[in-house]
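As structure tokens, the structure follows; a few thoughts come after it.
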Protein chains: 4
Amino acid sequence: MIFVLKPGHSQEELDHVLELIEESGLKPHISRGEERTIIGAIGDEREMQNLPTGAIPGVEKVVPILKPYKLVSREMKDVGTKVEIRGVTIGGKEISVIAGPCAVEGYDMLKDIALEVKKVGAKILRGGAYKPRTSPYSFQGLGEEGLKYLAEVSKETGLPVVTELMNIRYADVVYKYADMIQVGARNMQNFDLLKEIGTLKKPVILKRGMSATIMELLMSAEYIASEGNTDIILCERGIRTFETETRNTLDINAIPVLKTLTHLPVLVDPSHATGRWEIVTPIAMAGIAAGADGIMIEVHTNPERAMSDGNQSLKPDKFKELMEKVKKVAEAVGRSV
Amino acid sequence: MIFVLKPGHSQEELDHVLELIEESGLKPHISRGEERTIIGAIGDEREMQNLPTGAIPGVEKVVPILKPYKLVSREMKDVGTKVEIRGVTIGGKEISVIAGPCAVEGYDMLKDIALEVKKVGAKILRGGAYKPRTSPYSFQGLGEEGLKYLAEVSKETGLPVVTELMNIRYADVVYKYADMIQVGARNMQNFDLLKEIGTLKKPVILKRGMSATIMELLMSAEYIASEGNTDIILCERGIRTFETETRNTLDINAIPVLKTLTHLPVLVDPSHATGRWEIVTPIAMAGIAAGADGIMIEVHTNPERAMSDGNQSLKPDKFKELMEKVKKVAEAVGRSV
Amino acid sequence: MIFVLKPGHSQEELDHVLELIEESGLKPHISRGEERTIIGAIGDEREMQNLPTGAIPGVEKVVPILKPYKLVSREMKDVGTKVEIRGVTIGGKEISVIAGPCAVEGYDMLKDIALEVKKVGAKILRGGAYKPRTSPYSFQGLGEEGLKYLAEVSKETGLPVVTELMNIRYADVVYKYADMIQVGARNMQNFDLLKEIGTLKKPVILKRGMSATIMELLMSAEYIASEGNTDIILCERGIRTFETETRNTLDINAIPVLKTLTHLPVLVDPSHATGRWEIVTPIAMAGIAAGADGIMIEVHTNPERAMSDGNQSLKPDKFKELMEKVKKVAEAVGRSV
Amino acid sequence: MIFVLKPGHSQEELDHVLELIEESGLKPHISRGEERTIIGAIGDEREMQNLPTGAIPGVEKVVPILKPYKLVSREMKDVGTKVEIRGVTIGGKEISVIAGPCAVEGYDMLKDIALEVKKVGAKILRGGAYKPRTSPYSFQGLGEEGLKYLAEVSKETGLPVVTELMNIRYADVVYKYADMIQVGARNMQNFDLLKEIGTLKKPVILKRGMSATIMELLMSAEYIASEGNTDIILCERGIRTFETETRNTLDINAIPVLKTLTHLPVLVDPSHATGRWEIVTPIAMAGIAAGADGIMIEVHTNPERAMSDGNQSLKPDKFKELMEKVKKVAEAVGRSV
């Protein structure tokens, strides 16, 4: 940690900073320049990361040197993590395709969609039982009934299933039925939920919040990891910007950046990132080209009647096309689907 | 709701749209222009708001006419709502000042701060017992112990208290000790939490999410209201933008805009909106000048040692200055503190 | 154009809106719903697009139906435009690679880099002679001297050259030496410059402004086209968001969206979009996978000593790797390099 | 400047950094921590600010210590600058009110508006002769004819006038007729224009670009100052965010932040910052409360027929109300209008 003192600081202010550094068990190291005095704090600066440095008299700014996350960092573990979900591996050479409806609307529709996506190569089934909706007047999901359909269809098709856990209260029931748990974008900083999931023995997909920085995403992963669960898969699903042509703006840069910062696998969700089914396929292809380990795609047999996210859902024939195109891009980057 | 058809749409596509409109119980009304055909759907369009309009063949865009919130809208209730918290009213002529530490760190510090802020005119005490922190390695709050201190200090000073509820699991205990419940920015779209709070008989401060639009803020208020609790106070606390000089960007425009859209009172939180104690006072003054019904200010007797948000906390003497300046601005806009 | 009236509007207000519509030569069409009266204005609404609709009494909102751009729209011309620059075509089946240094620093360095990029397949040479720099104390470019080097190296290598025109004053000299003119992101809404370029008989690359919407980018292209020059190539180079890990956020969604809205070719500039050379290659690959017609890459033989943008410049060996990888992705999407 | 080396960097990499620092005439100062080696470069780091530090092998990050602007900084000059425009002072105790139409549409309308705004206390007349418009099909301003009207009305009313210079080509003619020159938001980084204005002997209003950081705004002011013209007034006019209820988001925080960083006066433009006349008055009041030295307001006698920005223009009677309210707030903060 580096403390830059204000020009014209007093000796008392300097002494006070030295004291604070020593109190935290670090060693201060002073450099006096012409225009500024700077003090390096040598040692484990994580001891000082809670210090409200803007409140220290005479200090102009404080620059942290170390990253605030540890367990999920590349420095901690240089080789990429592979996460296994009932025989399916995410993070290896193979691109993982997760597909299914936004919401579980019934047994039949779920079964139909599962068979369709399995047929063309999807490896994991997605479907929401508890749905976070902007409006209280929108369909809120089937709840436990939906979870049961997921488990049933999973058994019948052999596809492992992932579903969102929105609320600690449902941790047990989601744990019981799902093979993998999803933390939605709106809950990326629901810290109690993250801690709870950290104690569960199930892989988790952590979606980036719509205004979360890459650093905050990693800190949220660190929450989960710090409780013991390191089977974490990150998912870039678009961030909020000023652009209104699309629902969100996919931060494609985040994919290679995450690869340099963390050992965790990274997925991309082109359905939420765009909000428009017509451009889901090229964006899925772009995600793979940029280095993603997998994609999450919303598929519906009748998007026009979908109870949520119909705008961004692909029909099975369009999903088939997507799979064919994605396969070619995967091969071009030395991977397979 | 207005459907704009694509140029060159087919008769089948047109018929299909008409059918969808009639199915929802609305009446279609066709206007044919030179370049586009548009169809108005007359009736209660809320019936159609879940329709995934982007998925309907031949449709270029769909424009909703009505706002998706009802209970919290100005149309529903033209006169401003006043919320009472143990004898203190928010939303009337008087500006409400809520002040206190970011986190309850102990009984003594809380009592000290409470006395300081009461002395110069604060009407409600704030203090976090459960703290949402970006890092799992940061202080997470005292939990129920913190709540007890709040209740104790409240009793001793006569100040009603507000504290954050982060997690449904703690709804009962927070309900027991607090006079008013706060929903933090990170939980603005924690819909299960909103619904739960909707059933409680306590006033609630709903903070705007850091990337939430004004419309989404109102939809979250609608969640609470739709469960029966209409004692809701909105709080603008800064949104996330590209600017890095400050922690957030206070959306000062949101204050008068909210006043035109909703009957709920609106607070402003200059501490979080800036993240820098040196500019908290001018921003508090600006908030009042723009029409806010109150302010929420973080105060700490020793910000440099604060366990959270020390950078944005005012010392009691600075808070006293703020109060004097805020009083003058309040009078200038025909209100009092 | 659709006018939605406020609930409780007066008859005078309604009549006044009808009058305004008729004055503009359009025909009004009234639909009365339960909660709102809406008036469609049938005819060429472009006549009304300058009407300050927020200022009309009794009007709640106004919704335009038509897009405000014409010449550059897909509706105007369904087949993709191909732009030719001295024998090189942008917008065809072949992916165009434009490469070179950020700034022309001298004849030798430019020649060296040109030979390196040509060797591995770049088709057009880029290099700035006039540099827009945030700081007045940074290198501002060699000016006309730089243009001369570009022309010389172009002649010697056979590569056509593109360079930025920042200022109308230099239109003649840039026109004289360059084969293609670039409008930089900071000048995307320098409307006088756009009009001037519209009168020149040279192809132009129009870069998206860092906070420009897709619609505004198309409006700027319309400026150029409306003066007669339709040899316009759009370039997505990243937009400004809250994320600080990268210099900008590449809006990958914009590529397929632009393809649906306009007939103009679309490039992607991964150097500016990321600001970090380590991730330029995967982002270039992603751009091609998403449907871009070409890429613009900054290359420098000694990035560490580059006078501008060294952080995002590839060394020739890294550029060679990029070309190999990009070729594979191009083939995967049915194109070539 | 501080160089943080990557963990595991080589001795060569370290030596190379030392060499670079010495080459720039600075002195290196090494601190070895457990996890990182850091090197401070002592001396005038502005010598190194162009170094592409991301391109240096073995370097993890580089942290500048000094601000990149000098002439406009508070460190250079501790007392606030006062700018005089034909007898009107901006930056003193008195709040300056600049008002007038968005565009000069003719002599009569300009004269009428000038008289109206003067009557209630405006001190400077604004009006655009050259208009930057998103669409090429919108009214582009009267050009020199508009400038002549401005000069005429200025003479007749005694109000000094400010108008925008969009293009170097018109520098002479704008200089001839205007008392103060405005650089619009879209031209904040039109560096050639800034340099040109730096050589003129007229005060200048520099508007913040819609996606410009506070630092970039100051760098653009530095461009002007570095050419000799220090009569610069900054203007916050809203930045672009995800919020769509308003045209822009006024960054009210920027006002007190700028006051700590620079000695230049700061205006606020509530018309552009909101885009909605109904909320211009509260936002103007907020700007004054936050410490602005003046306001810029668009006024039109018939906003509904305004050729540009009618939505955000106040009618004279509304402007009168604004002035009354603004006066009270100004007094509350110890200033006058």
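Going through the structure tokens in order, the chains are called A, B, and so on, while each chain numbers its residues from 1 and the ligands are numbered from 1 in the order shown.
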Would you mind listing what lies within 6 Å of range 35-39 of chain D as a ChimeraX atom specification, with only C-alpha atoms counted and same-chain residues fewer than 3 positions away left out?
/D:2-5,7,29-32
Compile a residue-level contact table for chain A against chain B at a cut-off of 6 Å, reporting for every qualifying residue the shortest atom pair and its distance in Å to one decimal, with only C-alpha atoms counted, rows ordered by chain and ascending number, as a tab-separated table.
```
residue	atom	partner	partner_atom	distance
A:Pro52	CA	B:Gly310	CA	4.8
A:Gly54	CA	B:Asn311	CA	4.7
A:Ala55	CA	B:Asn311	CA	5.0
A:Ile56	CA	B:Glu304	CA	5.8
A:Ser135	CA	B:Met219	CA	5.8
A:Pro136	CA	B:Tyr223	CA	5.2
A:Ser211	CA	B:Ser211	CA	5.7
A:Met219	CA	B:Ser135	CA	5.8
A:Tyr223	CA	B:Pro136	CA	5.2
A:Glu304	CA	B:Ala55	CA	5.1
A:Gly310	CA	B:Pro52	CA	4.8
A:Asn311	CA	B:Gly54	CA	4.7
```
Using DSSP on the backbone coordinates, identify all residues within range 132-325 of chain A classified as helix (DSSP H, G or I); present the result as a PyMOL selection string.
chain A and resi 144-157+168-177+185-187+191-199+214-226+254-261+270-274+277-289+303-305+310-312+316-325
Just the residues within 7 Å of Ala114 in chain C, please, counting only C-alpha atoms, with nothing from its chain fewer than 3 positions along; format it as a PDB file with C-alpha atoms, in the first residue's frame.
```pdb
ATOM      1  CA  GLY C 100       0.050  -0.077 -38.573  1.00  0.00           C
ATOM      2  CA  LEU C 110       6.651   3.280 -40.695  1.00  0.00           C
ATOM      3  CA  LYS C 111       8.356   1.406 -43.506  1.00  0.00           C
ATOM      4  CA  VAL C 117       2.193  -6.264 -41.528  1.00  0.00           C
ATOM      5  CA  LYS C 118       2.063  -6.686 -45.276  1.00  0.00           C
ATOM      6  CA  LEU C 125      -1.740   0.578 -43.661  1.00  0.00           C
TER       7      LEU C 125
END
```
Quote the spacing between CA of Glu324 in chain B and CA of Asp293 in chain B in Å to one decimal place.
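Result for CA of Glu324 in chain B versus CA of Asp293 in chain B: 16.8 Å, one decimal.
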Nearby residues (only C-alpha atoms) at most 6 Å from range 333-336 of chain A, same-chain spacing under 2 positions excluded, as a PyMOL selection string:
chain A and resi 93-95+330-331
What does the file look like for those residues with N, CA, C and O atoms, as a PDB file, in the first residue's frame?
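File selection_39.pdb, as written:
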```
ATOM      1  N   LYS A  93     -11.146 -28.732 -22.358  1.00  0.00           N
ATOM      2  CA  LYS A  93     -10.992 -28.385 -23.774  1.00  0.00           C
ATOM      3  C   LYS A  93     -12.354 -28.243 -24.463  1.00  0.00           C
ATOM      4  O   LYS A  93     -12.509 -27.516 -25.434  1.00  0.00           O
ATOM      5  N   GLU A  94     -13.316 -28.988 -23.915  1.00  0.00           N
ATOM      6  CA  GLU A  94     -14.636 -28.972 -24.540  1.00  0.00           C
ATOM      7  C   GLU A  94     -15.444 -27.755 -24.094  1.00  0.00           C
ATOM      8  O   GLU A  94     -15.467 -27.414 -22.924  1.00  0.00           O
ATOM      9  N   ILE A  95     -16.091 -27.135 -25.055  1.00  0.00           N
ATOM     10  CA  ILE A  95     -17.017 -26.039 -24.771  1.00  0.00           C
ATOM     11  C   ILE A  95     -18.303 -26.630 -24.204  1.00  0.00           C
ATOM     12  O   ILE A  95     -18.863 -27.558 -24.783  1.00  0.00           O
ATOM     13  N   ALA A 330     -15.619 -23.169 -32.380  1.00  0.00           N
ATOM     14  CA  ALA A 330     -14.893 -23.901 -31.338  1.00  0.00           C
ATOM     15  C   ALA A 330     -13.685 -24.608 -31.952  1.00  0.00           C
ATOM     16  O   ALA A 330     -12.571 -24.563 -31.408  1.00  0.00           O
ATOM     17  N   GLU A 331     -13.926 -25.251 -33.084  1.00  0.00           N
ATOM     18  CA  GLU A 331     -12.805 -25.938 -33.739  1.00  0.00           C
ATOM     19  C   GLU A 331     -11.715 -24.948 -34.170  1.00  0.00           C
ATOM     20  O   GLU A 331     -10.526 -25.225 -34.051  1.00  0.00           O
TER      21      GLU A 331
END
```
As an MDAnalysis selection string, list the residues of range 152-226 of chain D assigned to strand (DSSP E) by DSSP on the backbone atoms of this structure.
chainID D and resid 161:164 180:183 204:207
Polymer residues at most 10 Å from Val88 in chain D, only C-alpha atoms, same-chain spacing of 5 or more positions, as a ChimeraX atom specification:
/D:82-83,94,96,123-124,159-160
File dump, residues just selected, all heavy atoms, as an mmCIF file, in the first residue's frame:
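As a result, part-v4.cif now contains:
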```cif
data_model
loop_
_atom_site.group_PDB
_atom_site.id
_atom_site.type_symbol
_atom_site.label_atom_id
_atom_site.label_comp_id
_atom_site.auth_asym_id
_atom_site.auth_seq_id
_atom_site.Cartn_x
_atom_site.Cartn_y
_atom_site.Cartn_z
ATOM 1 N N LYS D 82 -11.292 34.920 -11.254
ATOM 2 C CA LYS D 82 -12.482 35.672 -11.658
ATOM 3 C C LYS D 82 -12.313 36.048 -13.120
ATOM 4 O O LYS D 82 -11.265 36.542 -13.515
ATOM 5 C CB LYS D 82 -12.628 36.942 -10.829
ATOM 6 C CG LYS D 82 -12.923 36.655 -9.369
ATOM 7 C CD LYS D 82 -13.084 37.928 -8.566
ATOM 8 C CE LYS D 82 -13.125 37.554 -7.073
ATOM 9 N NZ LYS D 82 -13.368 38.728 -6.228
ATOM 10 N N VAL D 83 -13.338 35.812 -13.901
ATOM 11 C CA VAL D 83 -13.262 36.112 -15.322
ATOM 12 C C VAL D 83 -14.200 37.276 -15.607
ATOM 13 O O VAL D 83 -15.352 37.269 -15.177
ATOM 14 C CB VAL D 83 -13.661 34.884 -16.160
ATOM 15 C CG1 VAL D 83 -13.636 35.224 -17.655
ATOM 16 C CG2 VAL D 83 -12.727 33.716 -15.872
ATOM 17 N N GLU D 94 -20.970 37.016 -6.566
ATOM 18 C CA GLU D 94 -22.250 37.044 -7.252
ATOM 19 C C GLU D 94 -22.402 35.848 -8.191
ATOM 20 O O GLU D 94 -21.485 35.488 -8.916
ATOM 21 C CB GLU D 94 -22.357 38.339 -8.056
ATOM 22 C CG GLU D 94 -23.790 38.679 -8.433
ATOM 23 C CD GLU D 94 -23.900 40.023 -9.145
ATOM 24 O OE1 GLU D 94 -23.146 40.964 -8.796
ATOM 25 O OE2 GLU D 94 -24.730 40.113 -10.068
ATOM 26 N N SER D 96 -23.622 34.272 -11.498
ATOM 27 C CA SER D 96 -23.868 34.813 -12.835
ATOM 28 C C SER D 96 -24.970 34.025 -13.523
ATOM 29 O O SER D 96 -24.911 32.793 -13.553
ATOM 30 C CB SER D 96 -22.605 34.702 -13.688
ATOM 31 O OG SER D 96 -21.508 35.235 -12.990
ATOM 32 N N LYS D 123 -27.466 38.339 -16.704
ATOM 33 C CA LYS D 123 -26.373 39.277 -16.943
ATOM 34 C C LYS D 123 -25.697 39.079 -18.297
ATOM 35 O O LYS D 123 -24.982 39.954 -18.778
ATOM 36 C CB LYS D 123 -25.314 39.136 -15.823
ATOM 37 C CG LYS D 123 -25.801 39.617 -14.477
ATOM 38 C CD LYS D 123 -25.917 41.132 -14.422
ATOM 39 C CE LYS D 123 -26.808 41.659 -13.313
ATOM 40 N NZ LYS D 123 -26.576 41.131 -11.986
ATOM 41 N N ILE D 124 -25.863 37.893 -18.844
ATOM 42 C CA ILE D 124 -25.217 37.591 -20.124
ATOM 43 C C ILE D 124 -26.244 36.892 -21.013
ATOM 44 O O ILE D 124 -27.047 36.092 -20.526
ATOM 45 C CB ILE D 124 -23.965 36.695 -19.915
ATOM 46 C CG1 ILE D 124 -22.923 37.437 -19.062
ATOM 47 C CG2 ILE D 124 -23.362 36.251 -21.244
ATOM 48 C CD1 ILE D 124 -21.712 36.609 -18.663
ATOM 49 N N LEU D 159 -26.272 43.705 -22.778
ATOM 50 C CA LEU D 159 -25.874 42.372 -22.299
ATOM 51 C C LEU D 159 -24.704 41.835 -23.119
ATOM 52 O O LEU D 159 -24.802 41.773 -24.348
ATOM 53 C CB LEU D 159 -27.041 41.386 -22.432
ATOM 54 C CG LEU D 159 -28.278 41.586 -21.565
ATOM 55 C CD1 LEU D 159 -29.375 40.617 -22.001
ATOM 56 C CD2 LEU D 159 -27.932 41.381 -20.092
ATOM 57 N N PRO D 160 -23.620 41.431 -22.509
ATOM 58 C CA PRO D 160 -22.584 40.729 -23.280
ATOM 59 C C PRO D 160 -23.149 39.400 -23.795
ATOM 60 O O PRO D 160 -24.086 38.860 -23.208
ATOM 61 C CB PRO D 160 -21.457 40.470 -22.276
ATOM 62 C CG PRO D 160 -21.899 41.025 -20.976
ATOM 63 C CD PRO D 160 -23.285 41.551 -21.093
#
```
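The protein and nucleic acid residues lying at most 9 Å from Gly80 in chain A are Arg74, Lys77, Gly91, Gly92, Lys259, Thr262, His263, Leu264 and Pro265 of chain A, with only C-alpha atoms considered and sequence neighbours fewer than 3 positions away removed.
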Okay, now the selection with N, CA and C atoms, as a PDB file, in the first residue's frame?
```pdb
ATOM      1  N   ARG A  74      -5.348 -16.148 -10.032  1.00  0.00           N
ATOM      2  CA  ARG A  74      -4.350 -16.909 -10.794  1.00  0.00           C
ATOM      3  C   ARG A  74      -3.070 -17.099  -9.994  1.00  0.00           C
ATOM      4  N   LYS A  77      -3.385 -20.158  -7.912  1.00  0.00           N
ATOM      5  CA  LYS A  77      -3.472 -21.425  -8.640  1.00  0.00           C
ATOM      6  C   LYS A  77      -3.343 -21.141 -10.122  1.00  0.00           C
ATOM      7  N   GLY A  91     -14.695 -26.166 -18.163  1.00  0.00           N
ATOM      8  CA  GLY A  91     -13.357 -25.630 -17.951  1.00  0.00           C
ATOM      9  C   GLY A  91     -12.272 -26.441 -18.643  1.00  0.00           C
ATOM     10  N   GLY A  92     -12.667 -27.476 -19.348  1.00  0.00           N
ATOM     11  CA  GLY A  92     -11.683 -28.272 -20.078  1.00  0.00           C
ATOM     12  C   GLY A  92     -11.607 -27.825 -21.534  1.00  0.00           C
ATOM     13  N   LYS A 259      -9.631 -14.441 -17.668  1.00  0.00           N
ATOM     14  CA  LYS A 259      -8.688 -15.552 -17.844  1.00  0.00           C
ATOM     15  C   LYS A 259      -7.296 -15.211 -17.303  1.00  0.00           C
ATOM     16  N   THR A 262      -8.051 -14.985 -12.976  1.00  0.00           N
ATOM     17  CA  THR A 262      -8.581 -16.065 -12.146  1.00  0.00           C
ATOM     18  C   THR A 262      -8.405 -17.408 -12.822  1.00  0.00           C
ATOM     19  N   HIS A 263      -8.428 -18.457 -12.020  1.00  0.00           N
ATOM     20  CA  HIS A 263      -8.338 -19.822 -12.556  1.00  0.00           C
ATOM     21  C   HIS A 263      -9.717 -20.425 -12.788  1.00  0.00           C
ATOM     22  N   LEU A 264     -10.769 -19.681 -12.483  1.00  0.00           N
ATOM     23  CA  LEU A 264     -12.126 -20.225 -12.611  1.00  0.00           C
ATOM     24  C   LEU A 264     -12.583 -20.229 -14.077  1.00  0.00           C
ATOM     25  N   PRO A 265     -13.422 -21.176 -14.463  1.00  0.00           N
ATOM     26  CA  PRO A 265     -13.969 -21.188 -15.823  1.00  0.00           C
ATOM     27  C   PRO A 265     -14.922 -20.009 -16.030  1.00  0.00           C
TER      28      PRO A 265
END
```
Which residues, written as a short mmCIF file (atom, residue, chain, number, x, y, z; two decimals) with N, CA and C atoms, in the first residue's frame, have at least one atom at most 9 Å from Gly121 in chain B, with only C-alpha atoms counted and residues fewer than 6 positions away on the same chain left out?
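Saved the output as selection_33.cif:
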```cif
data_model
loop_
_atom_site.label_atom_id
_atom_site.label_comp_id
_atom_site.auth_asym_id
_atom_site.auth_seq_id
_atom_site.Cartn_x
_atom_site.Cartn_y
_atom_site.Cartn_z
N VAL B 97 -33.90 14.68 8.94
CA VAL B 97 -32.48 14.34 8.93
C VAL B 97 -32.26 13.03 9.68
N LYS B 320 -22.40 19.27 12.43
CA LYS B 320 -23.07 20.47 12.96
C LYS B 320 -23.07 21.58 11.89
N MET B 323 -25.62 20.83 9.31
CA MET B 323 -26.98 21.13 9.75
C MET B 323 -27.29 22.63 9.63
N VAL B 337 -36.07 22.55 9.07
CA VAL B 337 -35.36 21.32 9.47
C VAL B 337 -35.68 21.04 10.94
#
```
State, in Å with one decimal place, the distance from CA of Met180 in chain A to CA of Pro282 in chain A.
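According to the coordinates, CA of Met180 in chain A and CA of Pro282 in chain A are separated by 26.8 Å.
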